$ cat input34.pdb   # PDB, C-alpha atoms, pLDDT in the B column
ATOM      1  CA  LYS A   1      59.255  51.219-102.841  1.00 94.00           C
ATOM      2  CA  LYS A   2      57.920  47.732-102.173  1.00 98.00           C
ATOM      3  CA  GLU A   3      54.596  46.367-100.939  1.00 98.00           C
ATOM      4  CA  PHE A   4      54.604  43.969 -97.986  1.00 98.00           C
ATOM      5  CA  VAL A   5      51.627  41.977 -96.710  1.00 99.00           C
ATOM      6  CA  PHE A   6      51.933  40.194 -93.358  1.00 99.00           C
ATOM      7  CA  VAL A   7      49.972  37.106 -92.272  1.00 99.00           C
ATOM      8  CA  HIS A   8      50.252  36.054 -88.616  1.00 98.00           C
ATOM      9  CA  GLY A   9      50.359  32.597 -87.082  1.00 98.00           C
ATOM     10  CA  MET A  10      48.494  30.658 -84.401  1.00 98.00           C
ATOM     11  CA  SER A  11      46.738  32.798 -81.765  1.00 97.00           C
ATOM     12  CA  HIS A  12      48.461  35.961 -83.038  1.00 98.00           C
ATOM     13  CA  GLY A  13      47.005  38.950 -84.879  1.00 98.00           C
ATOM     14  CA  ALA A  14      48.082  41.836 -87.093  1.00 98.00           C
ATOM     15  CA  TRP A  15      49.551  43.487 -83.973  1.00 98.00           C
ATOM     16  CA  CYS A  16      52.567  41.149 -83.948  1.00 98.00           C
ATOM     17  CA  TRP A  17      54.016  42.896 -87.038  1.00 98.00           C
ATOM     18  CA  GLU A  18      54.090  46.433 -85.585  1.00 98.00           C
ATOM     19  CA  LEU A  19      57.876  46.601 -85.072  1.00 98.00           C
ATOM     20  CA  VAL A  20      58.548  45.288 -88.589  1.00 98.00           C
ATOM     21  CA  GLN A  21      55.971  47.571 -90.200  1.00 98.00           C
ATOM     22  CA  ALA A  22      57.352  50.631 -88.417  1.00 98.00           C
ATOM     23  CA  ARG A  23      60.806  49.998 -89.919  1.00 98.00           C
ATOM     24  CA  LEU A  24      59.503  49.314 -93.427  1.00 98.00           C
ATOM     25  CA  ASP A  25      57.125  52.278 -93.328  1.00 98.00           C
ATOM     26  CA  ARG A  26      59.997  54.579 -92.312  1.00 98.00           C
ATOM     27  CA  ALA A  27      61.990  53.278 -95.298  1.00 98.00           C
ATOM     28  CA  GLY A  28      59.141  54.316 -97.593  1.00 98.00           C
ATOM     29  CA  HIS A  29      57.574  50.919 -98.261  1.00 98.00           C
ATOM     30  CA  ALA A  30      53.841  50.176 -98.164  1.00 98.00           C
ATOM     31  CA  THR A  31      52.804  47.617 -95.539  1.00 98.00           C
ATOM     32  CA  LEU A  32      49.615  45.787 -94.645  1.00 98.00           C
ATOM     33  CA  ALA A  33      49.125  43.405 -91.702  1.00 98.00           C
ATOM     34  CA  VAL A  34      45.918  41.397 -91.708  1.00 98.00           C
ATOM     35  CA  ASP A  35      43.859  40.082 -88.796  1.00 98.00           C
ATOM     36  CA  LEU A  36      42.626  36.665 -89.907  1.00 98.00           C
ATOM     37  CA  PRO A  37      38.968  35.935 -89.013  1.00 98.00           C
ATOM     38  CA  GLY A  38      38.852  34.678 -85.422  1.00 97.00           C
ATOM     39  CA  HIS A  39      42.069  36.528 -84.501  1.00 98.00           C
ATOM     40  CA  GLY A  40      43.172  39.914 -83.199  1.00 97.00           C
ATOM     41  CA  ARG A  41      40.482  42.557 -83.724  1.00 97.00           C
ATOM     42  CA  ARG A  42      38.467  39.916 -85.596  1.00 97.00           C
ATOM     43  CA  ALA A  43      38.464  37.453 -82.683  1.00 96.00           C
ATOM     44  CA  PRO A  44      34.626  37.403 -82.545  1.00 95.00           C
ATOM     45  CA  GLU A  45      34.571  35.994 -86.110  1.00 96.00           C
ATOM     46  CA  ARG A  46      35.759  32.571 -84.960  1.00 94.00           C
ATOM     47  CA  ALA A  47      33.052  30.776 -86.972  1.00 93.00           C
ATOM     48  CA  ARG A  48      34.657  32.124 -90.170  1.00 95.00           C
ATOM     49  CA  ALA A  49      38.068  30.665 -89.376  1.00 98.00           C
ATOM     50  CA  SER A  50      39.056  28.196 -92.096  1.00 98.00           C
ATOM     51  CA  VAL A  51      41.952  27.941 -94.532  1.00 98.00           C
ATOM     52  CA  GLY A  52      39.723  29.379 -97.257  1.00 98.00           C
ATOM     53  CA  GLY A  53      38.328  32.074 -94.946  1.00 98.00           C
ATOM     54  CA  TYR A  54      41.834  33.092 -93.917  1.00 98.00           C
ATOM     55  CA  ALA A  55      43.057  33.333 -97.518  1.00 98.00           C
ATOM     56  CA  ARG A  56      39.998  35.284 -98.635  1.00 98.00           C
ATOM     57  CA  ALA A  57      40.518  37.790 -95.786  1.00 98.00           C
ATOM     58  CA  VAL A  58      44.091  38.438 -96.943  1.00 98.00           C
ATOM     59  CA  ALA A  59      43.147  38.632-100.643  1.00 98.00           C
ATOM     60  CA  ASP A  60      40.290  41.046 -99.870  1.00 98.00           C
ATOM     61  CA  ALA A  61      42.543  43.272 -97.746  1.00 98.00           C
ATOM     62  CA  MET A  62      45.139  43.374-100.535  1.00 98.00           C
ATOM     63  CA  SER A  63      42.523  44.298-103.129  1.00 98.00           C
ATOM     64  CA  LEU A  64      41.101  47.006-100.862  1.00 98.00           C
ATOM     65  CA  ALA A  65      44.599  48.449-100.279  1.00 98.00           C
ATOM     66  CA  GLY A  66      45.299  48.392-104.005  1.00 98.00           C
ATOM     67  CA  PHE A  67      48.383  46.187-103.632  1.00 98.00           C
ATOM     68  CA  SER A  68      49.403  44.865-107.039  1.00 96.00           C
ATOM     69  CA  ARG A  69      52.933  43.437-106.657  1.00 97.00           C
ATOM     70  CA  ALA A  70      53.123  42.405-103.020  1.00 98.00           C
ATOM     71  CA  ILE A  71      55.684  40.421-101.086  1.00 98.00           C
ATOM     72  CA  VAL A  72      53.385  38.275 -98.937  1.00 99.00           C
ATOM     73  CA  VAL A  73      54.910  37.046 -95.665  1.00 99.00           C
ATOM     74  CA  GLY A  74      53.303  34.176 -93.746  1.00 99.00           C
ATOM     75  CA  HIS A  75      54.530  33.335 -90.247  1.00 98.00           C
ATOM     76  CA  SER A  76      54.097  29.825 -88.790  1.00 98.00           C
ATOM     77  CA  MET A  77      50.462  28.823 -89.429  1.00 98.00           C
ATOM     78  CA  GLY A  78      50.445  31.609 -92.043  1.00 98.00           C
ATOM     79  CA  GLY A  79      52.399  29.217 -94.244  1.00 98.00           C
ATOM     80  CA  ILE A  80      49.191  27.312 -94.994  1.00 98.00           C
ATOM     81  CA  VAL A  81      47.415  30.569 -95.913  1.00 98.00           C
ATOM     82  CA  ILE A  82      49.767  32.349 -98.324  1.00 98.00           C
ATOM     83  CA  PRO A  83      49.768  29.643-101.051  1.00 98.00           C
ATOM     84  CA  LYS A  84      45.971  30.013-101.171  1.00 98.00           C
ATOM     85  CA  VAL A  85      46.331  33.807-101.413  1.00 98.00           C
ATOM     86  CA  ALA A  86      48.598  33.274-104.435  1.00 98.00           C
ATOM     87  CA  GLU A  87      45.892  31.077-105.981  1.00 98.00           C
ATOM     88  CA  LEU A  88      43.127  33.622-105.298  1.00 98.00           C
ATOM     89  CA  VAL A  89      44.917  36.781-106.505  1.00 98.00           C
ATOM     90  CA  PRO A  90      47.968  35.630-108.502  1.00 98.00           C
ATOM     91  CA  ALA A  91      48.313  39.003-110.255  1.00 97.00           C
ATOM     92  CA  ARG A  92      48.744  40.790-106.911  1.00 98.00           C
ATOM     93  CA  VAL A  93      51.452  38.476-105.525  1.00 98.00           C
ATOM     94  CA  ALA A  94      55.076  39.060-106.530  1.00 98.00           C
ATOM     95  CA  HIS A  95      56.811  36.866-103.929  1.00 98.00           C
ATOM     96  CA  LEU A  96      55.869  34.568-101.041  1.00 98.00           C
ATOM     97  CA  VAL A  97      57.946  34.498 -97.859  1.00 99.00           C
ATOM     98  CA  PHE A  98      57.494  31.541 -95.497  1.00 99.00           C
ATOM     99  CA  LEU A  99      58.751  32.759 -92.103  1.00 98.00           C
ATOM    100  CA  ALA A 100      59.284  29.856 -89.664  1.00 98.00           C
ATOM    101  CA  ALA A 101      56.225  28.541 -91.466  1.00 98.00           C
ATOM    102  CA  VAL A 102      54.562  25.223 -92.140  1.00 98.00           C
ATOM    103  CA  VAL A 103      54.577  24.098 -95.795  1.00 98.00           C
ATOM    104  CA  LEU A 104      51.958  21.443 -96.452  1.00 98.00           C
ATOM    105  CA  PRO A 105      52.239  18.534 -98.871  1.00 98.00           C
ATOM    106  CA  HIS A 106      49.204  18.112-101.129  1.00 98.00           C
ATOM    107  CA  GLY A 107      46.117  16.859 -99.314  1.00 98.00           C
ATOM    108  CA  ALA A 108      47.537  17.159 -95.808  1.00 98.00           C
ATOM    109  CA  SER A 109      46.427  19.106 -92.734  1.00 98.00           C
ATOM    110  CA  LEU A 110      48.449  21.409 -90.513  1.00 98.00           C
ATOM    111  CA  LEU A 111      47.765  19.165 -87.509  1.00 98.00           C
ATOM    112  CA  GLU A 112      49.190  15.995 -89.092  1.00 97.00           C
ATOM    113  CA  THR A 113      52.054  17.777 -90.874  1.00 98.00           C
ATOM    114  CA  GLN A 114      53.426  19.758 -87.941  1.00 97.00           C
ATOM    115  CA  VAL A 115      52.147  18.185 -84.698  1.00 96.00           C
ATOM    116  CA  THR A 116      53.199  14.864 -83.127  1.00 94.00           C
ATOM    117  CA  PRO A 117      50.429  12.306 -82.383  1.00 95.00           C
ATOM    118  CA  PRO A 118      50.424  13.088 -78.613  1.00 93.00           C
ATOM    119  CA  GLY A 119      50.304  16.808 -79.440  1.00 93.00           C
ATOM    120  CA  ARG A 120      47.367  16.243 -81.788  1.00 96.00           C
ATOM    121  CA  ALA A 121      45.405  14.541 -79.014  1.00 95.00           C
ATOM    122  CA  LEU A 122      46.224  17.419 -76.642  1.00 92.00           C
ATOM    123  CA  LEU A 123      45.078  20.059 -79.140  1.00 94.00           C
ATOM    124  CA  ARG A 124      41.851  18.190 -79.906  1.00 96.00           C
ATOM    125  CA  GLY A 125      41.180  17.884 -76.165  1.00 94.00           C
ATOM    126  CA  LEU A 126      41.851  21.569 -75.539  1.00 93.00           C
ATOM    127  CA  ALA A 127      39.577  22.489 -78.457  1.00 96.00           C
ATOM    128  CA  ALA A 128      36.787  20.247 -77.170  1.00 95.00           C
ATOM    129  CA  ALA A 129      37.013  22.003 -73.796  1.00 94.00           C
ATOM    130  CA  GLY A 130      37.412  25.446 -75.399  1.00 93.00           C
ATOM    131  CA  ASN A 131      34.361  25.654 -77.631  1.00 93.00           C
ATOM    132  CA  GLY A 132      36.318  24.700 -80.754  1.00 96.00           C
ATOM    133  CA  ALA A 133      39.404  26.780 -80.029  1.00 96.00           C
ATOM    134  CA  VAL A 134      42.710  26.224 -78.272  1.00 96.00           C
ATOM    135  CA  GLN A 135      44.794  28.500 -76.099  1.00 93.00           C
ATOM    136  CA  TYR A 136      48.079  27.425 -74.611  1.00 92.00           C
ATOM    137  CA  PRO A 137      48.913  28.553 -71.060  1.00 92.00           C
ATOM    138  CA  ALA A 138      51.011  31.751 -71.090  1.00 95.00           C
ATOM    139  CA  ALA A 139      54.125  29.926 -69.832  1.00 95.00           C
ATOM    140  CA  LEU A 140      53.900  27.517 -72.774  1.00 94.00           C
ATOM    141  CA  GLU A 141      53.302  30.355 -75.260  1.00 96.00           C
ATOM    142  CA  HIS A 142      56.496  31.990 -74.019  1.00 97.00           C
ATOM    143  CA  ALA A 143      58.458  28.713 -74.080  1.00 96.00           C
ATOM    144  CA  ARG A 144      57.355  27.765 -77.600  1.00 95.00           C
ATOM    145  CA  TRP A 145      57.438  31.101 -79.352  1.00 97.00           C
ATOM    146  CA  MET A 146      59.553  33.679 -77.507  1.00 98.00           C
ATOM    147  CA  THR A 147      62.406  31.900 -75.730  1.00 96.00           C
ATOM    148  CA  ASP A 148      64.937  34.467 -76.961  1.00 97.00           C
ATOM    149  CA  LEU A 149      63.206  37.187 -74.912  1.00 98.00           C
ATOM    150  CA  PRO A 150      63.057  37.235 -71.086  1.00 97.00           C
ATOM    151  CA  ALA A 151      59.617  36.677 -69.539  1.00 94.00           C
ATOM    152  CA  GLY A 152      59.435  40.272 -68.277  1.00 95.00           C
ATOM    153  CA  ASP A 153      60.297  41.886 -71.630  1.00 97.00           C
ATOM    154  CA  PRO A 154      57.514  44.278 -72.695  1.00 97.00           C
ATOM    155  CA  ARG A 155      57.414  42.558 -76.091  1.00 98.00           C
ATOM    156  CA  VAL A 156      56.551  39.306 -74.303  1.00 98.00           C
ATOM    157  CA  THR A 157      54.062  40.736 -71.798  1.00 97.00           C
ATOM    158  CA  GLY A 158      52.430  42.751 -74.591  1.00 97.00           C
ATOM    159  CA  ALA A 159      52.135  39.710 -76.843  1.00 98.00           C
ATOM    160  CA  LEU A 160      50.826  37.410 -74.109  1.00 97.00           C
ATOM    161  CA  ALA A 161      48.091  39.954 -73.333  1.00 97.00           C
ATOM    162  CA  ARG A 162      46.957  40.030 -76.961  1.00 97.00           C
ATOM    163  CA  LEU A 163      47.100  36.359 -77.966  1.00 97.00           C
ATOM    164  CA  THR A 164      43.636  34.890 -78.591  1.00 96.00           C
ATOM    165  CA  PRO A 165      42.303  31.315 -78.704  1.00 96.00           C
ATOM    166  CA  GLN A 166      43.173  29.484 -81.931  1.00 97.00           C
ATOM    167  CA  PRO A 167      40.205  27.928 -83.774  1.00 98.00           C
ATOM    168  CA  LEU A 168      40.958  24.255 -84.450  1.00 97.00           C
ATOM    169  CA  ARG A 169      39.142  23.995 -87.795  1.00 98.00           C
ATOM    170  CA  PRO A 170      41.946  25.392 -90.028  1.00 98.00           C
ATOM    171  CA  TRP A 171      44.349  22.956 -88.346  1.00 98.00           C
ATOM    172  CA  VAL A 172      42.377  19.833 -89.239  1.00 97.00           C
ATOM    173  CA  GLU A 173      41.297  20.744 -92.776  1.00 98.00           C
ATOM    174  CA  ARG A 174      43.007  18.859 -95.596  1.00 98.00           C
ATOM    175  CA  VAL A 175      44.386  21.360 -98.073  1.00 98.00           C
ATOM    176  CA  ASP A 176      44.557  20.971-101.841  1.00 98.00           C
ATOM    177  CA  MET A 177      48.074  22.125-102.782  1.00 98.00           C
ATOM    178  CA  GLN A 178      48.168  20.886-106.392  1.00 97.00           C
ATOM    179  CA  ARG A 179      47.425  24.251-107.976  1.00 97.00           C
ATOM    180  CA  PHE A 180      49.993  26.033-105.834  1.00 98.00           C
ATOM    181  CA  TYR A 181      52.757  23.560-106.653  1.00 98.00           C
ATOM    182  CA  ALA A 182      51.988  24.015-110.364  1.00 97.00           C
ATOM    183  CA  MET A 183      52.484  27.803-110.026  1.00 97.00           C
ATOM    184  CA  ASN A 184      55.916  29.372-110.385  1.00 95.00           C
ATOM    185  CA  VAL A 185      55.509  32.219-107.895  1.00 97.00           C
ATOM    186  CA  PRO A 186      58.901  33.246-106.434  1.00 98.00           C
ATOM    187  CA  ARG A 187      59.314  31.976-102.866  1.00 98.00           C
ATOM    188  CA  THR A 188      61.677  32.312 -99.924  1.00 98.00           C
ATOM    189  CA  TYR A 189      61.903  30.312 -96.688  1.00 99.00           C
ATOM    190  CA  ILE A 190      63.309  31.977 -93.544  1.00 98.00           C
ATOM    191  CA  ARG A 191      64.351  29.499 -90.873  1.00 98.00           C
ATOM    192  CA  CYS A 192      64.840  30.391 -87.207  1.00 98.00           C
ATOM    193  CA  LEU A 193      67.745  28.466 -85.675  1.00 98.00           C
ATOM    194  CA  GLY A 194      66.515  28.746 -82.070  1.00 98.00           C
ATOM    195  CA  ASP A 195      62.938  27.805 -82.922  1.00 98.00           C
ATOM    196  CA  ALA A 196      61.168  25.526 -80.422  1.00 97.00           C
ATOM    197  CA  ALA A 197      57.917  25.409 -82.433  1.00 97.00           C
ATOM    198  CA  ILE A 198      59.301  24.628 -85.905  1.00 97.00           C
ATOM    199  CA  ALA A 199      62.650  22.978 -85.270  1.00 97.00           C
ATOM    200  CA  PRO A 200      65.454  23.795 -87.743  1.00 98.00           C
ATOM    201  CA  ALA A 201      65.443  20.245 -89.184  1.00 98.00           C
ATOM    202  CA  LYS A 202      61.686  20.469 -89.802  1.00 98.00           C
ATOM    203  CA  ALA A 203      62.102  23.942 -91.327  1.00 98.00           C
ATOM    204  CA  ALA A 204      64.730  22.503 -93.703  1.00 98.00           C
ATOM    205  CA  GLU A 205      62.146  19.912 -94.833  1.00 98.00           C
ATOM    206  CA  TYR A 206      59.593  22.647 -95.424  1.00 98.00           C
ATOM    207  CA  ALA A 207      62.089  24.731 -97.439  1.00 98.00           C
ATOM    208  CA  ALA A 208      62.970  21.662 -99.526  1.00 98.00           C
ATOM    209  CA  ARG A 209      59.266  21.137-100.225  1.00 98.00           C
ATOM    210  CA  LEU A 210      59.273  24.633-101.761  1.00 98.00           C
ATOM    211  CA  GLY A 211      62.465  23.879-103.671  1.00 98.00           C
ATOM    212  CA  VAL A 212      64.523  26.566-101.921  1.00 98.00           C
ATOM    213  CA  THR A 213      67.479  26.790 -99.543  1.00 98.00           C
ATOM    214  CA  PRO A 214      66.440  28.472 -96.268  1.00 98.00           C
ATOM    215  CA  ILE A 215      67.787  31.833 -95.165  1.00 98.00           C
ATOM    216  CA  ASP A 216      68.759  31.460 -91.507  1.00 98.00           C
ATOM    217  CA  LEU A 217      68.069  33.845 -88.635  1.00 98.00           C
ATOM    218  CA  ASP A 218      69.585  33.241 -85.200  1.00 98.00           C
ATOM    219  CA  CYS A 219      66.456  33.651 -83.084  1.00 98.00           C
ATOM    220  CA  ALA A 220      63.398  31.875 -81.682  1.00 98.00           C
ATOM    221  CA  HIS A 221      60.045  31.385 -83.406  1.00 98.00           C
ATOM    222  CA  GLY A 222      58.993  35.059 -83.449  1.00 98.00           C
ATOM    223  CA  PRO A 223      61.631  37.224 -85.147  1.00 98.00           C
ATOM    224  CA  MET A 224      59.050  39.937 -85.798  1.00 98.00           C
ATOM    225  CA  LEU A 225      59.150  40.529 -82.031  1.00 98.00           C
ATOM    226  CA  SER A 226      62.740  39.672 -81.108  1.00 98.00           C
ATOM    227  CA  GLU A 227      64.742  40.485 -84.283  1.00 98.00           C
ATOM    228  CA  PRO A 228      62.690  42.934 -86.363  1.00 98.00           C
ATOM    229  CA  ALA A 229      65.749  44.717 -87.794  1.00 98.00           C
ATOM    230  CA  ALA A 230      67.367  41.463 -88.984  1.00 98.00           C
ATOM    231  CA  LEU A 231      64.069  40.325 -90.490  1.00 98.00           C
ATOM    232  CA  VAL A 232      63.568  43.646 -92.292  1.00 98.00           C
ATOM    233  CA  ALA A 233      67.117  43.436 -93.709  1.00 98.00           C
ATOM    234  CA  ILE A 234      66.198  40.101 -95.345  1.00 98.00           C
ATOM    235  CA  LEU A 235      62.824  41.348 -96.603  1.00 98.00           C
ATOM    236  CA  GLU A 236      64.251  44.518 -98.163  1.00 98.00           C
ATOM    237  CA  LYS A 237      66.685  42.447-100.230  1.00 97.00           C
ATOM    238  CA  LEU A 238      63.899  40.468-101.925  1.00 96.00           C
TER     239      LEU A 238
END
$ encode --input "input34.pdb" --output "structure tokens"
Amino acid sequence: KKEFVFVHGMSHGAWCWELVQARLDRAGHATLAVDLPGHGRRAPERARASVGGYARAVADAMSLAGFSRAIVVGHSMGGIVIPKVAELVPARVAHLVFLAAVVLPHGASLLETQVTPPGRALLRGLAAAGNGAVQYPAALEHARWMTDLPAGDPRVTGALARLTPQPLRPWVERVDMQRFYAMNVPRTYIRCLGDAAIAPAKAAEYAARLGVTPIDLDCAHGPMLSEPAALVAILEKL
């Protein structure tokens, strides 16, 4: 029996892991999916959204659940959160899994690491108009994150209904990564070959930054929705 902790990405919430959790729970594993502050059921807590606030929320949830040897999975934006979780509660973290995730160099921000200069200007503009948070139009959310599922698929319509505005603050914060890179926590990078948000070449760079060879999945950016069985098969082998 293994322990799995799931950290969602931009605009998502704990809900996006339901199909993966159901499979792992049936196999007898313990699972925990966390709503980061400002997301999912914690959407009203937008003021608490920061890299540190995100990591603390995950660490607190793990402590509360009594997880002591967890495989911590961070999807997309979650890749900037899980290294900080490993710093906060190193004794509770057995393995980090970066799933189509951003891996920051020391002192960098998510915005400058992952987003092109025109995209940065767009996000800052959307945030200025959106009270400090950004939400893509539904058509763009589908095109960036779920291209391997048809628009009418219930997994897509369900996700689009539950996505919430993304606070900009965690995207612009510069993150100290020195402590993490000095740690020797086991790590895995899962790359999605049909990913429009984190292109395969970019994902290869991120995996190299972690010092690992990526494990490839043939899907778009959200395998927890489109390929939960294939994702679970990888996770169970860790």
$ residues_around --input "input34.pdb" --residues "A:Glu205" --least-positions-apart "5" --cutoff "12 Å" --atoms "all atoms listed in the file" --output "ChimeraX atom specification"
/A:100-105,113-114,189,191,198-200,210-214
$ resolve_selection --input "input34.pdb" --expression "the PyMOL selection byres ((chain A and resi 195) around 10)" --output "PyMOL selection string"
chain A and resi 100+143-148+191-194+196-200+203+217-223
$ atom_distance --input "input34.pdb" --atom1 "atom CA of A:Arg162" --atom2 "atom CA of A:Glu236"
27.7 Å
$ atom_distance --input "input34.pdb" --atom1 "atom CA of A:Tyr136" --atom2 "atom CA of A:Val85"
27.6 Å
$ resolve_selection --input "input34.pdb" --expression "the PyMOL selection byres ((chain A and resi 23) around 12)" --output "PyMOL selection string"
chain A and resi 4+17-22+24-31+224+227-233+235-236
$ atom_distance --input "input34.pdb" --atom1 "atom CA of A:Ala91" --atom2 "atom CA of A:Gly78"
19.8 Å
$ closest_residue --input "input34.pdb" --among "A:Arg41, A:Arg209, A:Lys84, A:His142" --to "A:Tyr54" --atoms "all atoms listed in the file"
A:Lys84
$ residues_near_point --input "input34.pdb" --point "(42.7, 36.9, -85.3)" --cutoff "9 Å" --atoms "all atoms listed in the file" --output "VMD selection string"
chain A and resid 8 to 14 34 to 46 49 163 to 166
$ resolve_selection --input "input34.pdb" --expression "the PyMOL selection byres ((chain A and resi 108) around 8)" --output "list in words"
Leu104, Pro105, His106, Gly107, Ser109, Leu110, Glu112, Thr113, Glu173, Arg174, Val175 and Asp176 of chain A
$ closest_residue --input "input34.pdb" --among "A:Val81, A:Ala182, A:Val5, A:Val134" --to "A:Val51" --atoms "all atoms listed in the file"
A:Val81
$ residues_around --input "input34.pdb" --residues "stretch 149-157 of chain A" --least-positions-apart "3" --cutoff "7 Å" --atoms "only C-alpha atoms" --output "ChimeraX atom specification"
/A:146,160-161,225-226
$ axis_aligned_box --input "input34.pdb" --around "stretch 166-178 of chain A" --padding-each-side "6 Å" --output "lines of an AutoDock Vina configuration file"
center_x = 43.7
center_y = 24.2
center_z = -94.2
size_x = 21.0
size_y = 22.6
size_z = 36.5
$ closest_residue --input "input34.pdb" --among "A:Ala201, A:Ile215, A:Ala127, A:Val73" --to "A:Leu168" --atoms "all atoms listed in the file"
A:Ala127
$ closest_residue --input "input34.pdb" --among "A:Tyr206, A:Trp171, A:Tyr181, A:Trp15" --to "A:Gly132" --atoms "all atoms listed in the file"
A:Trp171
$ residues_near_point --input "input34.pdb" --point "(60.7, 29.6, -98.2)" --cutoff "6 Å" --atoms "all atoms listed in the file" --output "compact mmCIF listing (two decimals) with C-alpha atoms, in the frame of the given file"
# COMPACT_ATOMS: atom_id res chain seq x y z
CA VAL A 97 57.95 34.50 -97.86
CA PHE A 98 57.49 31.54 -95.50
CA ARG A 187 59.31 31.98 -102.87
CA THR A 188 61.68 32.31 -99.92
CA TYR A 189 61.90 30.31 -96.69
CA ILE A 190 63.31 31.98 -93.54
CA ALA A 207 62.09 24.73 -97.44
$ decode --input "input34.pdb" --residues "stretch 11-26 of chain A" --atoms "N, CA, C and O atoms" --output "compact mmCIF listing (two decimals), in the first residue's frame"
# COMPACT_ATOMS: atom_id res chain seq x y z
N SER A 11 -5.70 27.07 -12.24
CA SER A 11 -7.17 27.14 -12.34
C SER A 11 -7.90 25.85 -11.93
O SER A 11 -9.12 25.83 -11.85
N HIS A 12 -7.15 24.77 -11.71
CA HIS A 12 -7.78 23.50 -11.35
C HIS A 12 -7.99 23.42 -9.83
O HIS A 12 -7.72 24.36 -9.11
N GLY A 13 -8.47 22.27 -9.38
CA GLY A 13 -8.66 22.02 -7.96
C GLY A 13 -8.49 20.53 -7.70
O GLY A 13 -8.22 19.75 -8.62
N ALA A 14 -8.71 20.13 -6.47
CA ALA A 14 -8.56 18.72 -6.09
C ALA A 14 -9.45 17.82 -6.96
O ALA A 14 -9.11 16.66 -7.22
N TRP A 15 -10.56 18.36 -7.43
CA TRP A 15 -11.53 17.59 -8.23
C TRP A 15 -10.90 16.94 -9.46
O TRP A 15 -11.37 15.88 -9.91
N CYS A 16 -9.85 17.52 -10.01
CA CYS A 16 -9.32 17.00 -11.28
C CYS A 16 -8.66 15.62 -11.12
O CYS A 16 -8.39 14.95 -12.11
N TRP A 17 -8.43 15.19 -9.87
CA TRP A 17 -7.76 13.91 -9.63
C TRP A 17 -8.73 12.77 -9.34
O TRP A 17 -8.30 11.65 -9.03
N GLU A 18 -10.04 13.02 -9.44
CA GLU A 18 -11.03 12.02 -9.01
C GLU A 18 -10.87 10.67 -9.71
O GLU A 18 -10.95 9.61 -9.08
N LEU A 19 -10.65 10.69 -11.03
CA LEU A 19 -10.55 9.42 -11.78
C LEU A 19 -9.31 8.64 -11.38
O LEU A 19 -9.32 7.40 -11.32
N VAL A 20 -8.23 9.35 -11.10
CA VAL A 20 -6.97 8.72 -10.69
C VAL A 20 -7.11 8.17 -9.26
O VAL A 20 -6.73 7.03 -8.97
N GLN A 21 -7.68 8.99 -8.38
CA GLN A 21 -7.87 8.55 -7.00
C GLN A 21 -8.75 7.31 -6.91
O GLN A 21 -8.46 6.40 -6.12
N ALA A 22 -9.82 7.29 -7.71
CA ALA A 22 -10.75 6.16 -7.66
C ALA A 22 -10.01 4.85 -7.97
O ALA A 22 -10.20 3.83 -7.30
N ARG A 23 -9.13 4.90 -8.97
CA ARG A 23 -8.37 3.69 -9.34
C ARG A 23 -7.38 3.28 -8.25
O ARG A 23 -7.26 2.11 -7.91
N LEU A 24 -6.67 4.26 -7.70
CA LEU A 24 -5.68 3.96 -6.66
C LEU A 24 -6.36 3.50 -5.36
O LEU A 24 -5.87 2.58 -4.70
N ASP A 25 -7.48 4.14 -5.04
CA ASP A 25 -8.22 3.74 -3.83
C ASP A 25 -8.70 2.29 -3.95
O ASP A 25 -8.58 1.51 -3.00
N ARG A 26 -9.20 1.94 -5.13
CA ARG A 26 -9.68 0.56 -5.36
C ARG A 26 -8.54 -0.44 -5.20
O ARG A 26 -8.76 -1.58 -4.77
